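Below: the structure, in C-alpha cells.
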Amino acid sequence: QKAFELVSSSSTRQAFQIEQEPAKLRDAYGRNTTGQGALLGRRLVEAGVRLVSIFQGGYDTHTGHEAAYKRILPEFDAAFSTLVDDLEQRGLLETTLVLGIGEFGRTPQINPAAGRDHWPGAWSMVMAGAGIEKGAVIGKTDARGAYPTERPVSIEDIGATIYKVFGIDYHKAYEGPN
C-alpha cells in the first residue's frame, strides 16, 4: 500500500517531469540516459523518495575497452558531479548519501580482445554527502592497480559506513520477521 501511495502521489508524478528543469541544468547533467537519470534521481529525492538507484550500463568491456570508456566515463563524470553539486546547492547533500559503485573492478592488463575482464582484486568507488568527509582518499593499490597495498576496504566496511551515516548500529544483528 505504501509503495502504491508513493508512486501514485502527485509529488512523485511531478518529479518525473524533468522537462521542467532549466535546459542549462539538463545539459550539465548530460543529455543521455545516465545524466537524465541522475537528474530524475535528484527530483525524486526532493519528492521524498528515500532510495534511488541510477543505473549506467556498459562497464563490462571484455572487448574494445578504451573506445567504450571514452564515452562512458565523461557521461558518469558529468552526471555524478552535477548531482552532488545540485544536491548541495539545494541543501539536500547533508541528508543524502550518493554512491558510485560497481560490483568488481577490471583487470589491470588488457586482454587479447583489447578489453578488460572482471577483477575482484581491486576496485574503486566514490561516496559523497550524508557527512562523508570531502576529498578523502582511502586505500591505495600497487602500481598496476591490481591489489590493495594500504588500508584495504571490504564490502562489509562499506556496509558499516552506510549504516553509520544513517544512524544504524552496524554492530547489532538484525533479523526479519519469522
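Numbering starts fresh at 1 for the residues of each chain in the C-alpha cells, the chains themselves are lettered A, B, ... in the order given, and ligands are numbered from 1 as they appear.
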
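Excluding Ser124 (chain A) itself and any same-chain residue fewer than 5 positions from it, the protein and nucleic acid residues within 9 Å of it, counting only C-alpha atoms, are Gly100, Ile101, Gly102, Phe104 and Gly105 of chain A.
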
Written file, previous selection with all heavy atoms, as a PDB file, in the first residue's frame:
ATOM      1  N   GLY A 100      28.825   5.943  -6.015  1.00  0.00           N
ATOM      2  CA  GLY A 100      29.162   5.500  -7.365  1.00  0.00           C
ATOM      3  C   GLY A 100      29.938   4.209  -7.178  1.00  0.00           C
ATOM      4  O   GLY A 100      31.067   4.231  -6.696  1.00  0.00           O
ATOM      5  N   ILE A 101      29.313   3.078  -7.504  1.00  0.00           N
ATOM      6  CA  ILE A 101      29.902   1.791  -7.140  1.00  0.00           C
ATOM      7  C   ILE A 101      29.509   0.709  -8.142  1.00  0.00           C
ATOM      8  O   ILE A 101      28.427   0.741  -8.715  1.00  0.00           O
ATOM      9  CB  ILE A 101      29.455   1.399  -5.708  1.00  0.00           C
ATOM     10  CG1 ILE A 101      30.150   0.154  -5.200  1.00  0.00           C
ATOM     11  CG2 ILE A 101      27.944   1.255  -5.618  1.00  0.00           C
ATOM     12  CD1 ILE A 101      29.912  -0.110  -3.718  1.00  0.00           C
ATOM     13  N   GLY A 102      30.404  -0.206  -8.361  1.00  0.00           N
ATOM     14  CA  GLY A 102      30.132  -1.392  -9.174  1.00  0.00           C
ATOM     15  C   GLY A 102      30.395  -2.628  -8.335  1.00  0.00           C
ATOM     16  O   GLY A 102      30.769  -2.526  -7.164  1.00  0.00           O
ATOM     17  N   PHE A 104      32.648  -5.081  -8.997  1.00  0.00           N
ATOM     18  CA  PHE A 104      34.039  -5.535  -9.049  1.00  0.00           C
ATOM     19  C   PHE A 104      34.838  -4.584  -9.916  1.00  0.00           C
ATOM     20  O   PHE A 104      34.280  -3.713 -10.572  1.00  0.00           O
ATOM     21  CB  PHE A 104      34.164  -6.963  -9.600  1.00  0.00           C
ATOM     22  CG  PHE A 104      33.345  -7.215 -10.840  1.00  0.00           C
ATOM     23  CD1 PHE A 104      33.702  -6.671 -12.055  1.00  0.00           C
ATOM     24  CD2 PHE A 104      32.201  -7.987 -10.776  1.00  0.00           C
ATOM     25  CE1 PHE A 104      32.941  -6.881 -13.186  1.00  0.00           C
ATOM     26  CE2 PHE A 104      31.431  -8.208 -11.905  1.00  0.00           C
ATOM     27  CZ  PHE A 104      31.796  -7.658 -13.106  1.00  0.00           C
ATOM     28  N   GLY A 105      36.141  -4.765  -9.936  1.00  0.00           N
ATOM     29  CA  GLY A 105      37.000  -3.939 -10.773  1.00  0.00           C
ATOM     30  C   GLY A 105      37.246  -4.589 -12.125  1.00  0.00           C
ATOM     31  O   GLY A 105      36.604  -5.575 -12.491  1.00  0.00           O
TER      32      GLY A 105
END

When DSSP is applied to the backbone of this structure, which of region 39-177 of chain A are assigned alpha helix (DSSP H)? Write them out as a ChimeraX atom specification. /A:39-46,65-89,155-165

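The smallest atom-to-atom distance between Ala28 (chain A) and any of A:Val84, A:Val137, A:Met125, A:Ala173, using only C-alpha atoms, is found for A:Val84.
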
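The residue that comes closest to Ala78 (chain A), out of A:Gly57, A:Gly41, A:Gly35, A:Pro120 and on the basis of only C-alpha atoms, is A:Gly35.
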
For the strand (DSSP E or B) assignment from backbone DSSP, which residues of region 35-105 of chain A qualify? Please present them as a PyMOL selection string. chain A and resi 98-100+105

N, CA, C and O atoms of the current selection, written as a compact mmCIF listing (two decimals), in the first residue's frame:
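This is the output file part.txt:
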# COMPACT_ATOMS: atom_id res chain seq x y z
N VAL A 98 25.30 9.63 -1.61
CA VAL A 98 25.44 9.35 -3.03
C VAL A 98 26.61 8.40 -3.21
O VAL A 98 27.72 8.68 -2.75
N LEU A 99 26.37 7.27 -3.86
CA LEU A 99 27.41 6.28 -4.10
C LEU A 99 27.60 6.07 -5.59
O LEU A 99 26.62 5.98 -6.32
N GLY A 100 28.83 5.94 -6.02
CA GLY A 100 29.16 5.50 -7.36
C GLY A 100 29.94 4.21 -7.18
O GLY A 100 31.07 4.23 -6.70
N GLY A 105 36.14 -4.76 -9.94
CA GLY A 105 37.00 -3.94 -10.77
C GLY A 105 37.25 -4.59 -12.12
O GLY A 105 36.60 -5.58 -12.49

Counting only C-alpha atoms, the residue among A:Leu83, A:Ala128, A:Val7, A:Ala143 that lies closest to Pro108 (chain A) is A:Ala143

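You will find CA of Thr63 (chain A) at 5.0 Å from CA of Ala113 (chain A).
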